[in-house]
Amino acid sequence: MKVSPLSEALGVEVTDVQLAELDGAALDALKTQVFENGIAVIRDQQLSPEQHIAFAKRWGGIDVNPFFPTNSGWPEIAEVRKAETQRVNIGGGWHTDHSYDEIPAMGSILVARELPPSGGDTLFASMGAAYDSLSDGLKQTLDTLRAVHSADHIYQPGGFYSKTDQAAELTGQELSTRAVHPVVIRHPVTGRKLLYVNAGFTLHFEGWTREESLPLLAYLYELGAREEFQCRVEWQPGSVAIWDNRATWHLAMNDYHGHRRVMHRITLTGDPIAA
Ligand code: SIN
């Protein structure tokens, strides 16, 4: 397995490995890369959907996403897609997958299936680096706070996607989600402190109104999205990205109108998160 960094803040590119067969110590080594670097992009894979599912199960359980289409025929696989005719993509703002769940997903495994001729990259941001950059005073304040997360404003009738050309594809509009998490969590494997709020799903600090919360949340969103904390994944046929949802945000670029992009995502079950 050859590993090279994607940026100073986070991310590695991994070559010379075949995920379909990866097991034992070699799989543990890849997991360590993901936990320590937030995201790993693995090149030159030929993973069938069945191999994608089998590989994901070697990380633990699979969280089936209730909102994304699974038209690929495998319920474990969420299809993240945008057609030539659509203008809005899925995941086009900074977010952390499933932070609205009481036990948020540990991570995701995204396989590139159909790529536009150019564009369609995915940006990732390090929430460890963002937290480290804060003053001691703000760290201490954030360490005491918890925040409320939900996806209702995204997927329910009247929510973000209902007003877009993705509305007809999504499911689960009747579902309601809500979870409260510490604003600063500790990575269960590396022990690193991580900022755990995101623009997609965090509503407000617990015990604070949304109006009171927004200025501080807006500051944290601007901080976390700074280029110095980012890396960029440029997809190629055969690329697979594995990321740690606890330690990163991500954003799918929407810069390829008129072209189709289809990705297969499996979301990995997590453990309860803690400060
Ligand atoms: C996602 O938000 O999981 C989608 C990422 C992507 O399509 O690049």
# chains A, B, ... in the order shown; residues from 1 in each chain; ligands from 1

$ residues_near_ligand --ligand "ligand 1" --cutoff "6 Å" --atoms "only C-alpha atoms and all ligand atoms" --output "list in words"
Val80, Gly91, Thr122 and Ala252 of chain A

$ write_last_selection --atoms "C-alpha atoms" --output "tab-separated table (two decimals), in the first residue's frame"
chain	number	residue	atom	x	y	z
A	80	VAL	CA	-25.89	10.10	-5.11
A	91	GLY	CA	-24.50	17.27	-0.74
A	122	THR	CA	-15.47	16.59	-3.50
A	252	ALA	CA	-19.78	17.94	-3.45

$ select_by_dssp --residues "region 68-210 of chain A" --states "strand (DSSP E or B)" --output "number ranges by chain"
A: 78-82, 95, 107-114, 122-126, 146-149, 179-182, 184-186, 193-195, 202-205

$ residues_around --residues "Ile90 (chain A)" --least-positions-apart "4" --cutoff "12 Å" --atoms "only C-alpha atoms" --output "PyMOL selection string"
chain A and resi 67-69+78-83+86+94-95+97+120+122+154-155+160-161+164-167+169-170+200+250-254+261-263+265

$ select_by_dssp --residues "region 144-249 of chain A" --states "helix (DSSP H, G or I)" --output "number ranges by chain"
A: 152-155, 160-163, 167-169, 210-224, 227-229

$ write_last_selection --atoms "C-alpha atoms" --output "JSON list (two decimals), in the first residue's frame"
[["chain", "number", "residue", "atom", "x", "y", "z"],
["A", 152, "ASP", "CA", -36.19, 17.98, 8.76],
["A", 153, "HIS", "CA", -35.43, 21.34, 7.11],
["A", 154, "ILE", "CA", -33.60, 19.48, 4.33],
["A", 155, "TYR", "CA", -35.84, 16.52, 3.45],
["A", 160, "PHE", "CA", -34.53, 22.55, 1.02],
["A", 161, "TYR", "CA", -34.77, 19.76, -1.56],
["A", 162, "SER", "CA", -38.57, 20.05, -1.96],
["A", 163, "LYS", "CA", -37.97, 23.30, -3.86],
["A", 167, "ALA", "CA", -37.39, 16.54, -5.02],
["A", 168, "ALA", "CA", -38.92, 13.75, -7.13],
["A", 169, "GLU", "CA", -35.96, 11.43, -6.51],
["A", 210, "ARG", "CA", -31.48, 29.73, 16.88],
["A", 211, "GLU", "CA", -31.15, 33.51, 16.71],
["A", 212, "GLU", "CA", -28.67, 33.48, 19.60],
["A", 213, "SER", "CA", -26.78, 30.51, 18.13],
["A", 214, "LEU", "CA", -26.42, 31.72, 14.56],
["A", 215, "PRO", "CA", -23.60, 34.27, 14.97],
["A", 216, "LEU", "CA", -21.30, 31.76, 16.70],
["A", 217, "LEU", "CA", -22.33, 28.93, 14.36],
["A", 218, "ALA", "CA", -21.70, 31.18, 11.34],
["A", 219, "TYR", "CA", -18.23, 31.95, 12.69],
["A", 220, "LEU", "CA", -17.47, 28.24, 13.11],
["A", 221, "TYR", "CA", -18.79, 27.45, 9.60],
["A", 222, "GLU", "CA", -16.61, 30.16, 8.07],
["A", 223, "LEU", "CA", -13.61, 28.93, 10.06],
["A", 224, "GLY", "CA", -14.09, 25.24, 9.22],
["A", 227, "GLU", "CA", -8.88, 26.56, 2.51],
["A", 228, "GLU", "CA", -6.03, 25.76, 4.91],
["A", 229, "PHE", "CA", -8.21, 23.06, 6.54]]

$ residues_around --residues "Ser99 (chain A)" --least-positions-apart "3" --cutoff "9 Å" --atoms "only C-alpha atoms" --output "ChimeraX atom specification"
/A:95-96,102-105,149-151,179,181,196-198,201-202,245-246

$ write_last_selection --atoms "all heavy atoms" --output "short mmCIF file (atom, residue, chain, number, x, y, z; two decimals), in the first residue's frame"
data_model
loop_
_atom_site.label_atom_id
_atom_site.label_comp_id
_atom_site.auth_asym_id
_atom_site.auth_seq_id
_atom_site.Cartn_x
_atom_site.Cartn_y
_atom_site.Cartn_z
N HIS A 95 -21.25 19.63 5.05
CA HIS A 95 -22.05 18.84 6.00
C HIS A 95 -21.27 17.62 6.47
O HIS A 95 -20.21 17.29 5.93
CB HIS A 95 -23.37 18.38 5.35
CG HIS A 95 -23.17 17.41 4.23
ND1 HIS A 95 -22.73 17.79 2.98
CD2 HIS A 95 -23.34 16.06 4.16
CE1 HIS A 95 -22.64 16.74 2.19
NE2 HIS A 95 -22.99 15.67 2.89
N THR A 96 -21.84 16.96 7.46
CA THR A 96 -21.34 15.69 7.98
C THR A 96 -22.49 14.71 7.85
O THR A 96 -23.58 14.98 8.37
CB THR A 96 -20.99 15.83 9.48
OG1 THR A 96 -20.03 16.87 9.62
CG2 THR A 96 -20.44 14.55 10.06
N GLU A 102 -29.04 9.80 16.39
CA GLU A 102 -28.55 9.75 17.78
C GLU A 102 -27.17 9.10 17.85
O GLU A 102 -26.32 9.49 18.64
CB GLU A 102 -29.54 9.01 18.67
CG GLU A 102 -30.66 9.93 19.07
CD GLU A 102 -31.56 9.35 20.13
OE1 GLU A 102 -31.08 8.53 20.95
OE2 GLU A 102 -32.73 9.74 20.15
N ILE A 103 -26.98 8.08 17.02
CA ILE A 103 -25.64 7.50 16.89
C ILE A 103 -25.22 7.76 15.44
O ILE A 103 -25.60 7.02 14.53
CB ILE A 103 -25.64 5.99 17.22
CG1 ILE A 103 -26.14 5.79 18.65
CG2 ILE A 103 -24.25 5.41 17.03
CD1 ILE A 103 -26.13 4.37 19.14
N PRO A 104 -24.51 8.85 15.22
CA PRO A 104 -24.20 9.23 13.83
C PRO A 104 -23.29 8.22 13.15
O PRO A 104 -22.55 7.48 13.80
CB PRO A 104 -23.47 10.57 13.98
CG PRO A 104 -23.76 11.05 15.35
CD PRO A 104 -23.99 9.83 16.18
N ALA A 105 -23.39 8.19 11.84
CA ALA A 105 -22.58 7.27 11.05
C ALA A 105 -21.10 7.52 11.32
O ALA A 105 -20.66 8.65 11.47
CB ALA A 105 -22.87 7.46 9.58
N HIS A 149 -29.22 18.78 16.27
CA HIS A 149 -29.08 18.50 14.83
C HIS A 149 -30.40 17.90 14.32
O HIS A 149 -31.06 17.14 15.02
CB HIS A 149 -27.97 17.47 14.58
CG HIS A 149 -26.61 17.89 15.04
ND1 HIS A 149 -25.54 18.01 14.19
CD2 HIS A 149 -26.13 18.21 16.28
CE1 HIS A 149 -24.47 18.38 14.86
NE2 HIS A 149 -24.80 18.50 16.15
N SER A 150 -30.74 18.21 13.06
CA SER A 150 -31.91 17.62 12.43
C SER A 150 -31.75 17.68 10.92
O SER A 150 -30.98 18.51 10.40
CB SER A 150 -33.18 18.39 12.84
OG SER A 150 -34.30 17.90 12.14
N ALA A 151 -32.50 16.81 10.21
CA ALA A 151 -32.53 16.89 8.74
C ALA A 151 -33.91 17.30 8.26
O ALA A 151 -34.15 17.29 7.05
CB ALA A 151 -32.14 15.54 8.14
N ALA A 179 -31.29 15.02 17.06
CA ALA A 179 -30.28 14.46 17.97
C ALA A 179 -29.53 15.62 18.61
O ALA A 179 -29.42 16.71 18.03
CB ALA A 179 -29.31 13.57 17.19
N HIS A 181 -25.82 16.53 20.33
CA HIS A 181 -24.45 16.04 20.46
C HIS A 181 -23.56 17.12 21.08
O HIS A 181 -23.81 18.32 20.87
CB HIS A 181 -23.85 15.69 19.10
CG HIS A 181 -24.64 14.67 18.33
ND1 HIS A 181 -24.85 13.39 18.79
CD2 HIS A 181 -25.27 14.74 17.13
CE1 HIS A 181 -25.56 12.72 17.90
NE2 HIS A 181 -25.84 13.51 16.89
N TYR A 196 -17.73 19.47 16.27
CA TYR A 196 -18.82 18.63 15.74
C TYR A 196 -20.12 19.43 15.60
O TYR A 196 -21.10 19.19 16.28
CB TYR A 196 -19.01 17.38 16.61
CG TYR A 196 -19.82 16.32 15.89
CD1 TYR A 196 -19.26 15.56 14.87
CD2 TYR A 196 -21.16 16.10 16.20
CE1 TYR A 196 -20.01 14.62 14.18
CE2 TYR A 196 -21.91 15.15 15.52
CZ TYR A 196 -21.33 14.42 14.52
OH TYR A 196 -22.07 13.48 13.83
N VAL A 197 -20.06 20.46 14.74
CA VAL A 197 -21.27 21.13 14.26
C VAL A 197 -21.09 21.24 12.75
O VAL A 197 -19.96 21.23 12.26
CB VAL A 197 -21.47 22.56 14.85
CG1 VAL A 197 -21.88 22.48 16.30
CG2 VAL A 197 -20.21 23.41 14.68
N ASN A 198 -22.19 21.30 12.00
CA ASN A 198 -22.04 21.45 10.55
C ASN A 198 -23.22 22.23 9.99
O ASN A 198 -24.34 22.18 10.52
CB ASN A 198 -21.88 20.08 9.87
CG ASN A 198 -23.14 19.25 9.91
OD1 ASN A 198 -23.97 19.32 9.02
ND2 ASN A 198 -23.31 18.46 10.98
N PHE A 201 -26.78 20.38 9.02
CA PHE A 201 -27.74 19.75 9.93
C PHE A 201 -27.80 20.33 11.35
O PHE A 201 -28.70 19.97 12.11
CB PHE A 201 -27.44 18.24 10.02
CG PHE A 201 -27.50 17.54 8.68
CD1 PHE A 201 -26.40 16.88 8.16
CD2 PHE A 201 -28.67 17.56 7.93
CE1 PHE A 201 -26.46 16.24 6.92
CE2 PHE A 201 -28.75 16.93 6.69
CZ PHE A 201 -27.64 16.27 6.19
N THR A 202 -26.86 21.20 11.74
CA THR A 202 -26.91 21.74 13.11
C THR A 202 -27.89 22.92 13.15
O THR A 202 -27.79 23.84 12.34
CB THR A 202 -25.51 22.21 13.56
OG1 THR A 202 -24.59 21.14 13.36
CG2 THR A 202 -25.53 22.60 15.03
N ASN A 245 -16.68 10.46 9.30
CA ASN A 245 -17.66 11.54 9.48
C ASN A 245 -17.47 12.33 10.76
O ASN A 245 -17.95 13.44 10.87
CB ASN A 245 -19.06 10.93 9.54
CG ASN A 245 -19.69 10.83 8.18
OD1 ASN A 245 -19.63 11.76 7.40
ND2 ASN A 245 -20.27 9.70 7.91
N ARG A 246 -16.82 11.73 11.74
CA ARG A 246 -16.66 12.42 13.02
C ARG A 246 -15.62 13.51 12.90
O ARG A 246 -15.63 14.48 13.62
CB ARG A 246 -16.28 11.41 14.10
CG ARG A 246 -17.36 10.36 14.23
CD ARG A 246 -16.88 9.07 14.77
NE ARG A 246 -15.77 8.47 14.08
CZ ARG A 246 -15.35 7.23 14.28
NH1 ARG A 246 -15.99 6.46 15.14
NH2 ARG A 246 -14.32 6.74 13.62
#

$ residues_around --residues "Glu8 (chain A)" --least-positions-apart "2" --cutoff "12 Å" --atoms "only C-alpha atoms" --output "list in words"
Ser4, Pro5, Leu6, Leu10, Gly11, Val12, Asn37, Gly38, Ala125, Ser126, Ala129, Glu227, Glu228, Phe229, Gln230, Cys231 and Arg232 of chain A

$ atom_distance --atom1 "CA of Gln173 (chain A)" --atom2 "CA of His98 (chain A)"
15.3 Å

$ closest_residue --among "A:Gly270, A:Gly238, A:Gly92, A:Gly107" --to "Asp121 (chain A)" --atoms "only C-alpha atoms"
A:Gly92

$ residues_around --residues "Thr85 (chain A)" --least-positions-apart "3" --cutoff "10 Å" --atoms "only C-alpha atoms" --output "list in words"
Lys82, Val88, Asp165, His257, Gly258, His259 and Arg260 of chain A

$ write_last_selection --atoms "N, CA, C and O atoms" --output "JSON list (two decimals), in the first residue's frame"
[["chain", "number", "residue", "atom", "x", "y", "z"],
["A", 82, "LYS", "N", -26.80, 13.07, -10.14],
["A", 82, "LYS", "CA", -27.32, 14.28, -10.78],
["A", 82, "LYS", "C", -27.34, 14.01, -12.27],
["A", 82, "LYS", "O", -26.32, 13.60, -12.84],
["A", 88, "VAL", "N", -29.53, 21.00, -9.41],
["A", 88, "VAL", "CA", -29.14, 20.89, -7.99],
["A", 88, "VAL", "C", -28.52, 19.52, -7.76],
["A", 88, "VAL", "O", -29.01, 18.52, -8.29],
["A", 165, "ASP", "N", -34.97, 20.49, -8.20],
["A", 165, "ASP", "CA", -35.22, 19.42, -9.17],
["A", 165, "ASP", "C", -34.70, 18.06, -8.68],
["A", 165, "ASP", "O", -34.66, 17.11, -9.45],
["A", 257, "HIS", "N", -22.82, 21.26, -14.82],
["A", 257, "HIS", "CA", -24.18, 21.25, -15.39],
["A", 257, "HIS", "C", -24.16, 20.70, -16.82],
["A", 257, "HIS", "O", -23.22, 20.95, -17.59],
["A", 258, "GLY", "N", -25.20, 19.93, -17.14],
["A", 258, "GLY", "CA", -25.29, 19.36, -18.49],
["A", 258, "GLY", "C", -24.64, 17.99, -18.60],
["A", 258, "GLY", "O", -24.69, 17.36, -19.65],
["A", 259, "HIS", "N", -24.04, 17.54, -17.50],
["A", 259, "HIS", "CA", -23.40, 16.21, -17.50],
["A", 259, "HIS", "C", -23.93, 15.39, -16.33],
["A", 259, "HIS", "O", -24.39, 15.95, -15.34],
["A", 260, "ARG", "N", -23.83, 14.07, -16.48],
["A", 260, "ARG", "CA", -24.34, 13.16, -15.47],
["A", 260, "ARG", "C", -23.21, 12.76, -14.52],
["A", 260, "ARG", "O", -22.07, 12.54, -14.96]]

$ closest_residue --among "A:Lys139, A:Gly159, A:Val180, A:Trp235" --to "Leu194 (chain A)" --atoms "only C-alpha atoms"
A:Lys139

$ closest_residue --among "A:Asp271, A:Leu22, A:Asp101, A:Pro182" --to "Pro66 (chain A)" --atoms "only C-alpha atoms"
A:Asp101

$ closest_residue --among "A:Ile266, A:Ala54, A:Val3, A:Leu203" --to "Ile77 (chain A)" --atoms "only C-alpha atoms"
A:Ile266

$ decode --residues "region 25-139 of chain A" --atoms "C-alpha atoms" --output "PDB file, in the first residue's frame"
ATOM      1  CA  ALA A  25      -3.641  -6.410   8.986  1.00  0.00           C
ATOM      2  CA  ALA A  26      -3.786  -4.624   5.607  1.00  0.00           C
ATOM      3  CA  LEU A  27      -7.398  -3.572   6.253  1.00  0.00           C
ATOM      4  CA  ASP A  28      -6.418  -2.418   9.764  1.00  0.00           C
ATOM      5  CA  ALA A  29      -3.635  -0.317   8.214  1.00  0.00           C
ATOM      6  CA  LEU A  30      -6.138   1.340   5.859  1.00  0.00           C
ATOM      7  CA  LYS A  31      -8.534   2.007   8.765  1.00  0.00           C
ATOM      8  CA  THR A  32      -5.682   3.694  10.648  1.00  0.00           C
ATOM      9  CA  GLN A  33      -5.027   5.914   7.624  1.00  0.00           C
ATOM     10  CA  VAL A  34      -8.701   6.963   7.575  1.00  0.00           C
ATOM     11  CA  PHE A  35      -8.884   7.573  11.339  1.00  0.00           C
ATOM     12  CA  GLU A  36      -5.643   9.582  11.428  1.00  0.00           C
ATOM     13  CA  ASN A  37      -6.113  11.542   8.188  1.00  0.00           C
ATOM     14  CA  GLY A  38      -9.911  11.904   8.008  1.00  0.00           C
ATOM     15  CA  ILE A  39     -10.248  10.690   4.426  1.00  0.00           C
ATOM     16  CA  ALA A  40      -8.462   8.299   2.101  1.00  0.00           C
ATOM     17  CA  VAL A  41      -8.953   8.149  -1.658  1.00  0.00           C
ATOM     18  CA  ILE A  42      -8.074   4.788  -3.139  1.00  0.00           C
ATOM     19  CA  ARG A  43      -7.359   4.694  -6.877  1.00  0.00           C
ATOM     20  CA  ASP A  44      -7.811   2.062  -9.579  1.00  0.00           C
ATOM     21  CA  GLN A  45     -10.501  -0.141  -8.030  1.00  0.00           C
ATOM     22  CA  GLN A  46     -12.961  -2.335  -9.937  1.00  0.00           C
ATOM     23  CA  LEU A  47     -15.481  -2.818  -7.098  1.00  0.00           C
ATOM     24  CA  SER A  48     -18.802  -4.386  -8.102  1.00  0.00           C
ATOM     25  CA  PRO A  49     -21.797  -3.343  -5.948  1.00  0.00           C
ATOM     26  CA  GLU A  50     -21.602  -6.744  -4.195  1.00  0.00           C
ATOM     27  CA  GLN A  51     -17.887  -6.213  -3.445  1.00  0.00           C
ATOM     28  CA  HIS A  52     -18.640  -2.649  -2.257  1.00  0.00           C
ATOM     29  CA  ILE A  53     -21.183  -4.041   0.244  1.00  0.00           C
ATOM     30  CA  ALA A  54     -18.894  -6.886   1.354  1.00  0.00           C
ATOM     31  CA  PHE A  55     -16.004  -4.437   1.894  1.00  0.00           C
ATOM     32  CA  ALA A  56     -18.247  -2.057   3.897  1.00  0.00           C
ATOM     33  CA  LYS A  57     -19.336  -4.922   6.158  1.00  0.00           C
ATOM     34  CA  ARG A  58     -15.684  -5.508   7.058  1.00  0.00           C
ATOM     35  CA  TRP A  59     -15.812  -2.074   8.798  1.00  0.00           C
ATOM     36  CA  GLY A  60     -18.901  -3.010  10.874  1.00  0.00           C
ATOM     37  CA  GLY A  61     -22.586  -2.330  10.196  1.00  0.00           C
ATOM     38  CA  ILE A  62     -24.222  -0.383   7.379  1.00  0.00           C
ATOM     39  CA  ASP A  63     -26.630   2.546   8.032  1.00  0.00           C
ATOM     40  CA  VAL A  64     -29.206   2.573   5.239  1.00  0.00           C
ATOM     41  CA  ASN A  65     -29.920   6.178   4.256  1.00  0.00           C
ATOM     42  CA  PRO A  66     -33.728   6.659   4.183  1.00  0.00           C
ATOM     43  CA  PHE A  67     -33.646   9.714   1.910  1.00  0.00           C
ATOM     44  CA  PHE A  68     -31.491   8.824  -1.085  1.00  0.00           C
ATOM     45  CA  PRO A  69     -32.682   6.683  -3.997  1.00  0.00           C
ATOM     46  CA  THR A  70     -31.412   3.123  -4.060  1.00  0.00           C
ATOM     47  CA  ASN A  71     -32.350   2.500  -7.680  1.00  0.00           C
ATOM     48  CA  SER A  72     -29.170   0.581  -8.200  1.00  0.00           C
ATOM     49  CA  GLY A  73     -31.077  -2.394  -6.724  1.00  0.00           C
ATOM     50  CA  TRP A  74     -28.983  -2.797  -3.581  1.00  0.00           C
ATOM     51  CA  PRO A  75     -30.740  -1.274  -0.524  1.00  0.00           C
ATOM     52  CA  GLU A  76     -27.407  -0.816   1.277  1.00  0.00           C
ATOM     53  CA  ILE A  77     -26.184   1.501  -1.484  1.00  0.00           C
ATOM     54  CA  ALA A  78     -27.450   5.083  -1.676  1.00  0.00           C
ATOM     55  CA  GLU A  79     -27.201   6.528  -5.139  1.00  0.00           C
ATOM     56  CA  VAL A  80     -25.892  10.103  -5.111  1.00  0.00           C
ATOM     57  CA  ARG A  81     -26.720  11.266  -8.607  1.00  0.00           C
ATOM     58  CA  LYS A  82     -27.321  14.284 -10.779  1.00  0.00           C
ATOM     59  CA  ALA A  83     -28.655  13.956 -14.321  1.00  0.00           C
ATOM     60  CA  GLU A  84     -27.686  16.051 -17.350  1.00  0.00           C
ATOM     61  CA  THR A  85     -30.991  17.916 -16.945  1.00  0.00           C
ATOM     62  CA  GLN A  86     -30.772  18.666 -13.204  1.00  0.00           C
ATOM     63  CA  ARG A  87     -29.307  21.846 -11.687  1.00  0.00           C
ATOM     64  CA  VAL A  88     -29.144  20.892  -7.990  1.00  0.00           C
ATOM     65  CA  ASN A  89     -26.816  18.200  -6.687  1.00  0.00           C
ATOM     66  CA  ILE A  90     -26.877  16.172  -3.483  1.00  0.00           C
ATOM     67  CA  GLY A  91     -24.502  17.271  -0.740  1.00  0.00           C
ATOM     68  CA  GLY A  92     -23.626  20.621  -2.338  1.00  0.00           C
ATOM     69  CA  GLY A  93     -23.125  22.402   1.013  1.00  0.00           C
ATOM     70  CA  TRP A  94     -20.672  21.631   3.827  1.00  0.00           C
ATOM     71  CA  HIS A  95     -22.048  18.838   5.999  1.00  0.00           C
ATOM     72  CA  THR A  96     -21.344  15.690   7.981  1.00  0.00           C
ATOM     73  CA  ASP A  97     -23.401  12.665   6.943  1.00  0.00           C
ATOM     74  CA  HIS A  98     -26.118  11.599   9.415  1.00  0.00           C
ATOM     75  CA  SER A  99     -25.207  13.984  12.277  1.00  0.00           C
ATOM     76  CA  TYR A 100     -28.994  14.145  12.843  1.00  0.00           C
ATOM     77  CA  ASP A 101     -28.933  10.513  14.068  1.00  0.00           C
ATOM     78  CA  GLU A 102     -28.548   9.749  17.779  1.00  0.00           C
ATOM     79  CA  ILE A 103     -25.643   7.502  16.889  1.00  0.00           C
ATOM     80  CA  PRO A 104     -24.195   9.233  13.830  1.00  0.00           C
ATOM     81  CA  ALA A 105     -22.578   7.265  11.053  1.00  0.00           C
ATOM     82  CA  MET A 106     -18.890   6.513  11.557  1.00  0.00           C
ATOM     83  CA  GLY A 107     -18.047   7.157   7.948  1.00  0.00           C
ATOM     84  CA  SER A 108     -18.903   6.618   4.323  1.00  0.00           C
ATOM     85  CA  ILE A 109     -17.461   4.699   1.378  1.00  0.00           C
ATOM     86  CA  LEU A 110     -18.135   6.468  -1.926  1.00  0.00           C
ATOM     87  CA  VAL A 111     -17.483   4.754  -5.252  1.00  0.00           C
ATOM     88  CA  ALA A 112     -17.353   6.771  -8.496  1.00  0.00           C
ATOM     89  CA  ARG A 113     -19.676   5.152 -11.074  1.00  0.00           C
ATOM     90  CA  GLU A 114     -20.282   7.841 -13.734  1.00  0.00           C
ATOM     91  CA  LEU A 115     -18.224  11.022 -13.833  1.00  0.00           C
ATOM     92  CA  PRO A 116     -18.614  14.266 -15.773  1.00  0.00           C
ATOM     93  CA  PRO A 117     -15.803  15.088 -18.231  1.00  0.00           C
ATOM     94  CA  SER A 118     -14.498  17.683 -15.743  1.00  0.00           C
ATOM     95  CA  GLY A 119     -15.558  19.045 -12.343  1.00  0.00           C
ATOM     96  CA  GLY A 120     -17.590  17.180  -9.743  1.00  0.00           C
ATOM     97  CA  ASP A 121     -14.743  17.078  -7.201  1.00  0.00           C
ATOM     98  CA  THR A 122     -15.465  16.589  -3.497  1.00  0.00           C
ATOM     99  CA  LEU A 123     -13.932  18.901  -0.885  1.00  0.00           C
ATOM    100  CA  PHE A 124     -13.198  17.712   2.636  1.00  0.00           C
ATOM    101  CA  ALA A 125     -12.366  19.800   5.731  1.00  0.00           C
ATOM    102  CA  SER A 126     -10.573  18.763   8.910  1.00  0.00           C
ATOM    103  CA  MET A 127     -12.567  19.415  12.065  1.00  0.00           C
ATOM    104  CA  GLY A 128      -9.505  18.555  14.163  1.00  0.00           C
ATOM    105  CA  ALA A 129      -7.464  21.287  12.479  1.00  0.00           C
ATOM    106  CA  ALA A 130     -10.375  23.738  12.764  1.00  0.00           C
ATOM    107  CA  TYR A 131     -10.708  23.049  16.507  1.00  0.00           C
ATOM    108  CA  ASP A 132      -6.927  23.269  17.074  1.00  0.00           C
ATOM    109  CA  SER A 133      -6.886  26.742  15.506  1.00  0.00           C
ATOM    110  CA  LEU A 134      -9.310  28.228  18.069  1.00  0.00           C
ATOM    111  CA  SER A 135      -8.249  30.359  21.034  1.00  0.00           C
ATOM    112  CA  ASP A 136      -8.131  28.659  24.436  1.00  0.00           C
ATOM    113  CA  GLY A 137     -11.066  30.857  25.522  1.00  0.00           C
ATOM    114  CA  LEU A 138     -13.354  29.784  22.686  1.00  0.00           C
ATOM    115  CA  LYS A 139     -12.236  26.158  23.038  1.00  0.00           C
TER     116      LYS A 139
END
